[in-house]
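Peer 1: Sharing a structure with you now.
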Amino acid sequence: QVHLVESGGGLVQAGGSLRLSCTASTRTIDNHYMGWFRQAPGKEREFLASIRWSSGSTYYSDSLKGRLTISRDNAENTVYLQMNNLKAEDTAVYYCAARTNPSTIFTFALARERSYDTWGQGTQVTVSS
C-alpha cells in the first residue's frame, strides 16, 4: 500500500507563495491520480486540484484555479502544489491523496474525497494578514 508524506507547509504572509510537496512511498502507476485537498477549522474538506501520473493532465477547483498549479515528478514519485497570492482564508491543513483504483473515473469525480483511497497526514499552512 502506498504511503504519502506531505511537506512544505508553514507560516507565510498574505500575498506570498508556497509550494507543497507530496512524496509517495511506492512507484507510481500510470493510471493513478493524485489530489490536493484542504480543511480549515470548522469547515469541510475542500478539493483543490488533481493530476494524473501518466499524462500529467490536471483538474482544478474553479474557485482557486488561477492561484494554484499542480505538477508531478514521476522519477521522484512526488506531486507539488504551488500556491500564489495567498490569503488569510487559505489557512488550513493541506492534504495529499492518491487514487490507486485503476477503474475509469469521470473528471468531475476527482473532486470527491471518496474517489481517493490513500491520504497523507496533512501539512499546516498559516497565512498571516
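Going by the C-alpha cells order, chains are called A, B, ..., each with residues numbered from 1, while ligands are numbered from 1 in the order shown.
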Just the residues within 8 Å of Thr78 of chain A, please, counting only C-alpha atoms, with nothing from its chain fewer than 5 positions along; format it as a list in words.
Peer 2: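 The residues that qualify are Ser21, Cys22, Thr23, Ala24, Arg72 and Asp73 of chain A.
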Peer 1: Could you list, as a list in words, every residue within 9 Å of Thr100 of chain A, counting only C-alpha atoms and ignoring same-chain residues fewer than 3 positions away?
Peer 2: Val2, Ile29, Asn31, His32, Tyr33, Met34, Ser103, Tyr116, Asp117 and Thr118 of chain A
Peer 1: Nearest to Ser54 of chain A: which of A:Cys96, A:Ala75, A:Val5, A:Ala111 is it, counting only C-alpha atoms?
Peer 2: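 Looking only at the distances to Ser54 of chain A, the closest residue turns out to be A:Ala75.
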Peer 1: Assign secondary structure with DSSP using the backbone only, and return the residues of segment 30-88 of chain A in strand (DSSP E) as a list in words.
Peer 2: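 So the strand (DSSP E) residues in segment 30-88 of chain A would be Tyr33, Met34, Gly35, Trp36, Phe37, Arg38, Gln39, Glu46, Phe47, Leu48, Ala49, Ser50, Ile51, Arg52, Thr58, Tyr59, Tyr60, Leu68, Thr69, Ile70, Ser71, Arg72, Asp73, Thr78, Val79, Tyr80, Leu81, Gln82 and Met83 of chain A.
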Peer 1: For those residues, write N, CA and C atoms to a file as a PDB file, in the first residue's frame.
Peer 2:
ATOM      1  N   TYR A  33      -4.175   8.651  -9.954  1.00  0.00           N
ATOM      2  CA  TYR A  33      -4.354  10.088  -9.832  1.00  0.00           C
ATOM      3  C   TYR A  33      -3.894  10.535  -8.455  1.00  0.00           C
ATOM      4  N   MET A  34      -3.446  11.758  -8.383  1.00  0.00           N
ATOM      5  CA  MET A  34      -3.102  12.381  -7.111  1.00  0.00           C
ATOM      6  C   MET A  34      -3.927  13.643  -6.954  1.00  0.00           C
ATOM      7  N   GLY A  35      -4.302  13.937  -5.720  1.00  0.00           N
ATOM      8  CA  GLY A  35      -5.108  15.124  -5.485  1.00  0.00           C
ATOM      9  C   GLY A  35      -4.631  15.895  -4.263  1.00  0.00           C
ATOM     10  N   TRP A  36      -4.985  17.159  -4.237  1.00  0.00           N
ATOM     11  CA  TRP A  36      -4.743  18.007  -3.068  1.00  0.00           C
ATOM     12  C   TRP A  36      -6.086  18.524  -2.565  1.00  0.00           C
ATOM     13  N   PHE A  37      -6.238  18.441  -1.257  1.00  0.00           N
ATOM     14  CA  PHE A  37      -7.416  18.963  -0.577  1.00  0.00           C
ATOM     15  C   PHE A  37      -6.934  19.830   0.592  1.00  0.00           C
ATOM     16  N   ARG A  38      -7.849  20.568   1.171  1.00  0.00           N
ATOM     17  CA  ARG A  38      -7.523  21.308   2.384  1.00  0.00           C
ATOM     18  C   ARG A  38      -8.745  21.347   3.299  1.00  0.00           C
ATOM     19  N   GLN A  39      -8.464  21.543   4.569  1.00  0.00           N
ATOM     20  CA  GLN A  39      -9.549  21.646   5.545  1.00  0.00           C
ATOM     21  C   GLN A  39      -9.209  22.730   6.554  1.00  0.00           C
ATOM     22  N   GLU A  46     -11.985  20.481   1.395  1.00  0.00           N
ATOM     23  CA  GLU A  46     -12.239  21.139   0.114  1.00  0.00           C
ATOM     24  C   GLU A  46     -11.239  20.662  -0.939  1.00  0.00           C
ATOM     25  N   PHE A  47     -11.739  20.328  -2.109  1.00  0.00           N
ATOM     26  CA  PHE A  47     -10.884  19.911  -3.213  1.00  0.00           C
ATOM     27  C   PHE A  47     -10.149  21.116  -3.792  1.00  0.00           C
ATOM     28  N   LEU A  48      -8.886  20.887  -4.149  1.00  0.00           N
ATOM     29  CA  LEU A  48      -8.076  21.948  -4.752  1.00  0.00           C
ATOM     30  C   LEU A  48      -7.666  21.606  -6.184  1.00  0.00           C
ATOM     31  N   ALA A  49      -7.022  20.469  -6.353  1.00  0.00           N
ATOM     32  CA  ALA A  49      -6.501  20.123  -7.677  1.00  0.00           C
ATOM     33  C   ALA A  49      -6.162  18.642  -7.724  1.00  0.00           C
ATOM     34  N   SER A  50      -6.100  18.116  -8.961  1.00  0.00           N
ATOM     35  CA  SER A  50      -5.677  16.730  -9.140  1.00  0.00           C
ATOM     36  C   SER A  50      -4.831  16.622 -10.398  1.00  0.00           C
ATOM     37  N   ILE A  51      -4.058  15.540 -10.465  1.00  0.00           N
ATOM     38  CA  ILE A  51      -3.189  15.308 -11.612  1.00  0.00           C
ATOM     39  C   ILE A  51      -3.075  13.814 -11.853  1.00  0.00           C
ATOM     40  N   ARG A  52      -2.982  13.447 -13.120  1.00  0.00           N
ATOM     41  CA  ARG A  52      -2.800  12.039 -13.477  1.00  0.00           C
ATOM     42  C   ARG A  52      -1.314  11.792 -13.685  1.00  0.00           C
ATOM     43  N   THR A  58      -4.426  17.767 -15.701  1.00  0.00           N
ATOM     44  CA  THR A  58      -4.775  18.392 -14.431  1.00  0.00           C
ATOM     45  C   THR A  58      -6.242  18.803 -14.382  1.00  0.00           C
ATOM     46  N   TYR A  59      -6.710  18.957 -13.168  1.00  0.00           N
ATOM     47  CA  TYR A  59      -8.086  19.376 -12.927  1.00  0.00           C
ATOM     48  C   TYR A  59      -8.063  20.234 -11.678  1.00  0.00           C
ATOM     49  N   TYR A  60      -8.715  21.414 -11.756  1.00  0.00           N
ATOM     50  CA  TYR A  60      -8.646  22.360 -10.654  1.00  0.00           C
ATOM     51  C   TYR A  60     -10.032  22.743 -10.150  1.00  0.00           C
ATOM     52  N   LEU A  68      -3.427  28.348  -8.276  1.00  0.00           N
ATOM     53  CA  LEU A  68      -2.819  27.054  -7.978  1.00  0.00           C
ATOM     54  C   LEU A  68      -2.184  26.443  -9.220  1.00  0.00           C
ATOM     55  N   THR A  69      -1.111  25.710  -9.001  1.00  0.00           N
ATOM     56  CA  THR A  69      -0.526  24.900 -10.056  1.00  0.00           C
ATOM     57  C   THR A  69      -0.118  23.566  -9.453  1.00  0.00           C
ATOM     58  N   ILE A  70      -0.674  22.492 -10.012  1.00  0.00           N
ATOM     59  CA  ILE A  70      -0.292  21.155  -9.573  1.00  0.00           C
ATOM     60  C   ILE A  70       0.644  20.561 -10.618  1.00  0.00           C
ATOM     61  N   SER A  71       1.673  19.878 -10.164  1.00  0.00           N
ATOM     62  CA  SER A  71       2.633  19.277 -11.080  1.00  0.00           C
ATOM     63  C   SER A  71       3.182  18.011 -10.448  1.00  0.00           C
ATOM     64  N   ARG A  72       3.913  17.215 -11.227  1.00  0.00           N
ATOM     65  CA  ARG A  72       4.473  15.992 -10.665  1.00  0.00           C
ATOM     66  C   ARG A  72       5.840  15.713 -11.249  1.00  0.00           C
ATOM     67  N   ASP A  73       6.616  14.982 -10.465  1.00  0.00           N
ATOM     68  CA  ASP A  73       7.924  14.489 -10.894  1.00  0.00           C
ATOM     69  C   ASP A  73       7.858  12.972 -10.756  1.00  0.00           C
ATOM     70  N   THR A  78       6.787  12.311  -6.687  1.00  0.00           N
ATOM     71  CA  THR A  78       6.394  13.484  -5.912  1.00  0.00           C
ATOM     72  C   THR A  78       5.446  14.365  -6.712  1.00  0.00           C
ATOM     73  N   VAL A  79       4.424  14.834  -6.016  1.00  0.00           N
ATOM     74  CA  VAL A  79       3.468  15.782  -6.575  1.00  0.00           C
ATOM     75  C   VAL A  79       3.615  17.101  -5.829  1.00  0.00           C
ATOM     76  N   TYR A  80       3.491  18.195  -6.549  1.00  0.00           N
ATOM     77  CA  TYR A  80       3.656  19.516  -5.966  1.00  0.00           C
ATOM     78  C   TYR A  80       2.365  20.325  -6.114  1.00  0.00           C
ATOM     79  N   LEU A  81       2.185  21.243  -5.190  1.00  0.00           N
ATOM     80  CA  LEU A  81       1.105  22.214  -5.301  1.00  0.00           C
ATOM     81  C   LEU A  81       1.694  23.595  -5.041  1.00  0.00           C
ATOM     82  N   GLN A  82       1.757  24.383  -6.083  1.00  0.00           N
ATOM     83  CA  GLN A  82       2.241  25.753  -5.977  1.00  0.00           C
ATOM     84  C   GLN A  82       1.034  26.656  -5.720  1.00  0.00           C
ATOM     85  N   MET A  83       1.126  27.457  -4.680  1.00  0.00           N
ATOM     86  CA  MET A  83       0.030  28.367  -4.347  1.00  0.00           C
ATOM     87  C   MET A  83       0.575  29.790  -4.331  1.00  0.00           C
TER      88      MET A  83
END
Peer 1: Identify, with DSSP run on backbone atoms, the residues in chain A assigned to helix (DSSP H, G or I), and express the list as a ChimeraX atom specification.
Peer 2: /A:65-67,74-76,88-90,107-111,113-115
Peer 1: Find, counting only C-alpha atoms, the residue in A:Glu113, A:His3, A:Ala40, A:Leu11 that gets nearest to Glu89 of chain A.
Peer 2: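 Using only C-alpha atoms, Glu89 of chain A sits closest to A:Ala40.
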Peer 1: What separation in Å, quoted to one decimal, exists between atom CA of Glu44 of chain A and atom CA of Gly122 of chain A?
Peer 2: 14.5 Å
Peer 1: For Gln124 of chain A, work out the shell of residues within 7 Å, counting only C-alpha atoms and skipping chain neighbours fewer than 3 positions away, then give it as a list in words.
Peer 2: Gly9, Gly10, Ala92, Val93 and Tyr94 of chain A
Peer 1: Those residues you just picked out, can you put them in a file as an mmCIF file, in the first residue's frame with C-alpha atoms?
Peer 2:
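Final output, selection17.cif:
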data_model
loop_
_atom_site.group_PDB
_atom_site.id
_atom_site.type_symbol
_atom_site.label_atom_id
_atom_site.label_comp_id
_atom_site.auth_asym_id
_atom_site.auth_seq_id
_atom_site.Cartn_x
_atom_site.Cartn_y
_atom_site.Cartn_z
ATOM 1 C CA GLY A 9 3.706 23.892 4.935
ATOM 2 C CA GLY A 10 4.384 26.739 7.312
ATOM 3 C CA ALA A 92 -5.845 25.258 6.598
ATOM 4 C CA VAL A 93 -4.382 21.798 6.828
ATOM 5 C CA TYR A 94 -3.459 20.666 3.335
#
Peer 1: Taking only C-alpha atoms into account, which of A:Tyr95, A:Trp119, A:Trp53, A:Phe108 comes nearest Leu20 of chain A?
Peer 2: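 With only C-alpha atoms as the atom set, the closest residue is A:Tyr95.
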